[in-house]
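All remarks here apply to the structure that follows.
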Amino acid sequence: KQEVTQIPAALSVPEGENLVLNCSFTDSAIYNLQWFRQDPGKGLTSLLLIQSSQREQTSGRLNASLDKSSGRSTLYIAASQPGDSATYLCAVSRGGATNKLIFGTGTLLAVQP
Amino acid sequence: GAVVSQHPSWVICKSGTSVKIECRSLDFQATTMFWYRQFPKQSLMLMATSNEGSKATYEQGVEKDKFLINHASLTLSTLTVTSAHPEDSSFYICSAIFPTVGTKNAFFGQGTRLTVV
């Protein structure tokens with residue numbers, strides 16, 4: 001059974017700092033991995049998607065890496081801003097017809113102005 | 001703009017009543033939608049996979065008679081919480097996969113906060 005864990009559970013940093021969020025998964029047979037952002041009481045916004053054949057994806061100040069063999073992914077946020085404050089979730093899928101997502105436990109990020 | 005619309009965004013109901021939550025895909029067809037539940041300070045847990053024109057597939061431990069799912073069209077899936085109880089109070093989120101856009105990104109609705117009193 002696939003289990004997805006995120007460390008740390010919560011993180012508080014001053015504005016402008018670079019930071020790394022970690023995601024680990026127990027079954028390396030994944031189709032892809034996605035990072036999402038969730039604001040309080042809201043739905044999810046997809047940030048980055050990495051296919052299993054890829055090692056990283058970048059979007060603006062965000063960079064996500066994937067090491068499938070070790071079951072790890074990181075989300076790097078450069079020059080953090082107060083607007084980055086949210087819960088960040090990683091999710092893995094096994095692909096196939098249904099492409100179900102298994103979510104991690106989340107990291108609550110607070111960027112202090 | 002939003003590609004998946006969920007309604008209502010919040011609802012309060014009395015214990016024993018039923019509540020229907022709608023999930024619509026906008027401007028494209030979604031043959032498969034997913035329903036998740038999220039308890040406070042926890043991650044999303046998949047409840048069921050909703051397939052257009054066929055029965056939903058429920059995850060282990062999810063009561064199919066309590067959480068009725070109907071996916072009658074390619075743009076609409078509904079989740080009905082029947083005979084709701086306070087322990088059903090949670091945040092419910094739907095999502096859809098759109099392979100036609102080139103990557104299997106999952107797009108999520110805004111979520112529905114259900115409070116059963």
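Naming works like this for the structure tokens: A, B, ... for the chains as they're shown, residue 1 at the start of each chain, ligands 1 onward in shown order.
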
Checklist entry - Once you count only C-alpha atoms, which residues of chain B turn out to be within 9 Å of chain A? Could you give them as a ChimeraX atom specification? => result /B:9,32-34,41-46,49,91,93-94,97,103-113

Output file for the residues above (N, CA and C atoms, as an mmCIF file, in the first residue's frame):
```cif
data_model
loop_
_atom_site.group_PDB
_atom_site.id
_atom_site.type_symbol
_atom_site.label_atom_id
_atom_site.label_comp_id
_atom_site.auth_asym_id
_atom_site.auth_seq_id
_atom_site.Cartn_x
_atom_site.Cartn_y
_atom_site.Cartn_z
ATOM 1 N N SER B 9 -20.490 25.712 -1.663
ATOM 2 C CA SER B 9 -19.174 25.842 -1.046
ATOM 3 C C SER B 9 -19.261 25.522 0.445
ATOM 4 N N THR B 32 -14.119 10.608 -15.821
ATOM 5 C CA THR B 32 -13.832 10.145 -14.460
ATOM 6 C C THR B 32 -13.647 11.330 -13.527
ATOM 7 N N MET B 33 -14.350 11.273 -12.414
ATOM 8 C CA MET B 33 -14.172 12.273 -11.366
ATOM 9 C C MET B 33 -13.909 11.546 -10.061
ATOM 10 N N PHE B 34 -13.290 12.242 -9.140
ATOM 11 C CA PHE B 34 -12.940 11.659 -7.852
ATOM 12 C C PHE B 34 -13.538 12.495 -6.721
ATOM 13 N N LYS B 41 -7.005 19.487 9.598
ATOM 14 C CA LYS B 41 -5.570 19.275 9.772
ATOM 15 C C LYS B 41 -5.109 17.909 9.289
ATOM 16 N N GLN B 42 -5.872 17.304 8.402
ATOM 17 C CA GLN B 42 -5.466 16.037 7.810
ATOM 18 C C GLN B 42 -5.403 16.180 6.299
ATOM 19 N N SER B 43 -4.828 15.180 5.660
ATOM 20 C CA SER B 43 -4.716 15.235 4.210
ATOM 21 C C SER B 43 -6.008 14.742 3.562
ATOM 22 N N LEU B 44 -6.014 14.764 2.249
ATOM 23 C CA LEU B 44 -7.193 14.321 1.515
ATOM 24 C C LEU B 44 -7.216 12.796 1.435
ATOM 25 N N MET B 45 -8.384 12.238 1.688
ATOM 26 C CA MET B 45 -8.557 10.799 1.584
ATOM 27 C C MET B 45 -9.554 10.512 0.467
ATOM 28 N N LEU B 46 -9.137 9.686 -0.478
ATOM 29 C CA LEU B 46 -10.017 9.345 -1.584
ATOM 30 C C LEU B 46 -11.185 8.511 -1.078
ATOM 31 N N THR B 49 -14.300 6.768 -6.805
ATOM 32 C CA THR B 49 -14.063 7.176 -8.183
ATOM 33 C C THR B 49 -15.390 7.121 -8.914
ATOM 34 N N PHE B 91 -14.710 18.411 5.030
ATOM 35 C CA PHE B 91 -14.519 19.177 3.791
ATOM 36 C C PHE B 91 -14.475 18.157 2.665
ATOM 37 N N ILE B 93 -14.108 17.392 -1.390
ATOM 38 C CA ILE B 93 -13.539 17.988 -2.609
ATOM 39 C C ILE B 93 -13.642 17.002 -3.760
ATOM 40 N N CYS B 94 -14.019 17.497 -4.904
ATOM 41 C CA CYS B 94 -14.041 16.653 -6.090
ATOM 42 C C CYS B 94 -12.897 17.060 -7.014
ATOM 43 N N ILE B 97 -9.842 14.395 -14.014
ATOM 44 C CA ILE B 97 -8.642 14.249 -14.823
ATOM 45 C C ILE B 97 -9.012 14.568 -16.260
ATOM 46 N N THR B 103 -1.649 16.463 -20.561
ATOM 47 C CA THR B 103 -1.042 15.857 -19.368
ATOM 48 C C THR B 103 -2.150 15.487 -18.405
ATOM 49 N N LYS B 104 -1.907 14.468 -17.626
ATOM 50 C CA LYS B 104 -2.973 14.020 -16.739
ATOM 51 C C LYS B 104 -2.984 14.839 -15.459
ATOM 52 N N ASN B 105 -3.162 16.137 -15.636
ATOM 53 C CA ASN B 105 -3.301 16.979 -14.456
ATOM 54 C C ASN B 105 -4.637 16.736 -13.795
ATOM 55 N N ALA B 106 -4.630 16.802 -12.469
ATOM 56 C CA ALA B 106 -5.874 16.708 -11.726
ATOM 57 C C ALA B 106 -6.309 18.118 -11.369
ATOM 58 N N PHE B 107 -7.516 18.448 -11.709
ATOM 59 C CA PHE B 107 -8.071 19.745 -11.372
ATOM 60 C C PHE B 107 -9.124 19.557 -10.286
ATOM 61 N N PHE B 108 -9.106 20.435 -9.310
ATOM 62 C CA PHE B 108 -9.968 20.271 -8.149
ATOM 63 C C PHE B 108 -11.029 21.351 -8.069
ATOM 64 N N GLY B 109 -12.154 20.963 -7.516
ATOM 65 C CA GLY B 109 -13.193 21.929 -7.218
ATOM 66 C C GLY B 109 -12.796 22.748 -5.997
ATOM 67 N N GLN B 110 -13.645 23.693 -5.672
ATOM 68 C CA GLN B 110 -13.347 24.610 -4.575
ATOM 69 C C GLN B 110 -13.588 23.976 -3.211
ATOM 70 N N GLY B 111 -14.248 22.831 -3.211
ATOM 71 C CA GLY B 111 -14.528 22.156 -1.951
ATOM 72 C C GLY B 111 -15.863 22.569 -1.355
ATOM 73 N N THR B 112 -16.420 21.693 -0.547
ATOM 74 C CA THR B 112 -17.677 21.944 0.166
ATOM 75 C C THR B 112 -17.475 21.644 1.637
ATOM 76 N N ARG B 113 -17.711 22.633 2.461
ATOM 77 C CA ARG B 113 -17.619 22.451 3.907
ATOM 78 C C ARG B 113 -18.987 22.021 4.421
#
```

Checklist entry - If you run DSSP on this backbone, which residues of segment 16-115 of chain B come out as strand (DSSP E), and could you give them as JSON, numbers by chain? => result {"B": [19, 20, 21, 22, 23, 24, 25, 32, 33, 34, 35, 36, 37, 38, 44, 45, 46, 47, 48, 49, 50, 51, 57, 58, 67, 68, 69, 70, 71, 72, 73, 76, 77, 78, 79, 80, 81, 90, 91, 92, 93, 94, 95, 96, 97, 106, 107, 108, 112, 113, 114, 115]}

Just C-alpha atoms for this one: save the residues we selected as a PDB file, in the first residue's frame.
```pdb
ATOM      1  CA  VAL B  19     -27.177  16.690   1.404  1.00  0.00           C
ATOM      2  CA  LYS B  20     -26.241  16.750  -2.286  1.00  0.00           C
ATOM      3  CA  ILE B  21     -22.956  18.186  -3.536  1.00  0.00           C
ATOM      4  CA  GLU B  22     -22.415  18.887  -7.227  1.00  0.00           C
ATOM      5  CA  CYS B  23     -19.172  18.768  -9.165  1.00  0.00           C
ATOM      6  CA  ARG B  24     -19.120  20.142 -12.698  1.00  0.00           C
ATOM      7  CA  SER B  25     -16.376  20.198 -15.286  1.00  0.00           C
ATOM      8  CA  THR B  32     -13.832  10.145 -14.460  1.00  0.00           C
ATOM      9  CA  MET B  33     -14.172  12.273 -11.366  1.00  0.00           C
ATOM     10  CA  PHE B  34     -12.940  11.659  -7.852  1.00  0.00           C
ATOM     11  CA  TRP B  35     -14.422  12.496  -4.475  1.00  0.00           C
ATOM     12  CA  TYR B  36     -12.179  13.204  -1.495  1.00  0.00           C
ATOM     13  CA  ARG B  37     -12.826  13.940   2.138  1.00  0.00           C
ATOM     14  CA  GLN B  38     -10.573  16.029   4.315  1.00  0.00           C
ATOM     15  CA  LEU B  44      -7.193  14.321   1.515  1.00  0.00           C
ATOM     16  CA  MET B  45      -8.557  10.799   1.584  1.00  0.00           C
ATOM     17  CA  LEU B  46     -10.017   9.345  -1.584  1.00  0.00           C
ATOM     18  CA  MET B  47     -13.585   8.201  -1.051  1.00  0.00           C
ATOM     19  CA  ALA B  48     -14.655   7.015  -4.468  1.00  0.00           C
ATOM     20  CA  THR B  49     -14.063   7.176  -8.183  1.00  0.00           C
ATOM     21  CA  SER B  50     -17.032   8.355 -10.195  1.00  0.00           C
ATOM     22  CA  ASN B  51     -17.363   6.943 -13.704  1.00  0.00           C
ATOM     23  CA  THR B  57     -15.917   2.562  -7.271  1.00  0.00           C
ATOM     24  CA  TYR B  58     -15.620   3.051  -3.544  1.00  0.00           C
ATOM     25  CA  PHE B  67     -22.340   8.286   0.130  1.00  0.00           C
ATOM     26  CA  LEU B  68     -24.329   8.008  -3.076  1.00  0.00           C
ATOM     27  CA  ILE B  69     -22.521   9.021  -6.222  1.00  0.00           C
ATOM     28  CA  ASN B  70     -24.170   9.698  -9.546  1.00  0.00           C
ATOM     29  CA  HIS B  71     -22.228  10.573 -12.694  1.00  0.00           C
ATOM     30  CA  ALA B  72     -25.064  10.969 -15.161  1.00  0.00           C
ATOM     31  CA  SER B  73     -23.289  13.128 -17.713  1.00  0.00           C
ATOM     32  CA  LEU B  76     -21.585  16.459 -13.775  1.00  0.00           C
ATOM     33  CA  SER B  77     -21.012  14.165 -10.818  1.00  0.00           C
ATOM     34  CA  THR B  78     -22.984  14.402  -7.593  1.00  0.00           C
ATOM     35  CA  LEU B  79     -22.260  13.146  -4.087  1.00  0.00           C
ATOM     36  CA  THR B  80     -25.211  12.713  -1.745  1.00  0.00           C
ATOM     37  CA  VAL B  81     -24.530  12.245   1.933  1.00  0.00           C
ATOM     38  CA  SER B  90     -15.911  17.432   6.853  1.00  0.00           C
ATOM     39  CA  PHE B  91     -14.519  19.177   3.791  1.00  0.00           C
ATOM     40  CA  TYR B  92     -15.468  17.346   0.602  1.00  0.00           C
ATOM     41  CA  ILE B  93     -13.539  17.988  -2.609  1.00  0.00           C
ATOM     42  CA  CYS B  94     -14.041  16.653  -6.090  1.00  0.00           C
ATOM     43  CA  SER B  95     -11.503  16.459  -8.865  1.00  0.00           C
ATOM     44  CA  ALA B  96     -11.336  15.453 -12.503  1.00  0.00           C
ATOM     45  CA  ILE B  97      -8.642  14.249 -14.823  1.00  0.00           C
ATOM     46  CA  ALA B 106      -5.874  16.708 -11.726  1.00  0.00           C
ATOM     47  CA  PHE B 107      -8.071  19.745 -11.372  1.00  0.00           C
ATOM     48  CA  PHE B 108      -9.968  20.271  -8.149  1.00  0.00           C
ATOM     49  CA  THR B 112     -17.677  21.944   0.166  1.00  0.00           C
ATOM     50  CA  ARG B 113     -17.619  22.451   3.907  1.00  0.00           C
ATOM     51  CA  LEU B 114     -20.349  20.262   5.400  1.00  0.00           C
ATOM     52  CA  THR B 115     -21.435  20.816   8.978  1.00  0.00           C
TER      53      THR B 115
END
```

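Our summary of the geometry notes that atom CA of Gly16 of chain A is positioned 13.6 Å from atom CA of Leu62 of chain A.
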
Checklist entry - If you run DSSP on the backbone, which residues of segment 56-113 of chain B are helix (DSSP H, G or I), as JSON, numbers by chain? => result {"B": [86, 87, 88, 99, 100, 101]}

Deliver the residues from the most recent selection as a file, using N, CA, C and O atoms, as an mmCIF file, in the first residue's frame.
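Final file, again_9.cif:
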```cif
data_model
loop_
_atom_site.group_PDB
_atom_site.id
_atom_site.type_symbol
_atom_site.label_atom_id
_atom_site.label_comp_id
_atom_site.auth_asym_id
_atom_site.auth_seq_id
_atom_site.Cartn_x
_atom_site.Cartn_y
_atom_site.Cartn_z
ATOM 1 N N PRO B 86 -23.284 14.064 12.706
ATOM 2 C CA PRO B 86 -22.201 15.015 13.009
ATOM 3 C C PRO B 86 -20.817 14.519 12.595
ATOM 4 O O PRO B 86 -19.978 15.313 12.176
ATOM 5 N N GLU B 87 -20.582 13.226 12.665
ATOM 6 C CA GLU B 87 -19.251 12.712 12.294
ATOM 7 C C GLU B 87 -18.990 12.776 10.793
ATOM 8 O O GLU B 87 -17.853 12.552 10.349
ATOM 9 N N ASP B 88 -20.040 13.082 10.018
ATOM 10 C CA ASP B 88 -19.855 13.277 8.567
ATOM 11 C C ASP B 88 -19.390 14.689 8.248
ATOM 12 O O ASP B 88 -19.081 14.996 7.088
ATOM 13 N N PRO B 99 -7.332 14.077 -19.638
ATOM 14 C CA PRO B 99 -6.251 13.601 -20.505
ATOM 15 C C PRO B 99 -6.164 14.343 -21.822
ATOM 16 O O PRO B 99 -5.110 14.413 -22.425
ATOM 17 N N THR B 100 -7.261 14.926 -22.263
ATOM 18 C CA THR B 100 -7.276 15.577 -23.569
ATOM 19 C C THR B 100 -6.432 16.846 -23.589
ATOM 20 O O THR B 100 -6.123 17.353 -24.653
ATOM 21 N N VAL B 101 -6.084 17.360 -22.438
ATOM 22 C CA VAL B 101 -5.257 18.566 -22.440
ATOM 23 C C VAL B 101 -3.786 18.228 -22.533
ATOM 24 O O VAL B 101 -2.939 19.087 -22.513
#
```
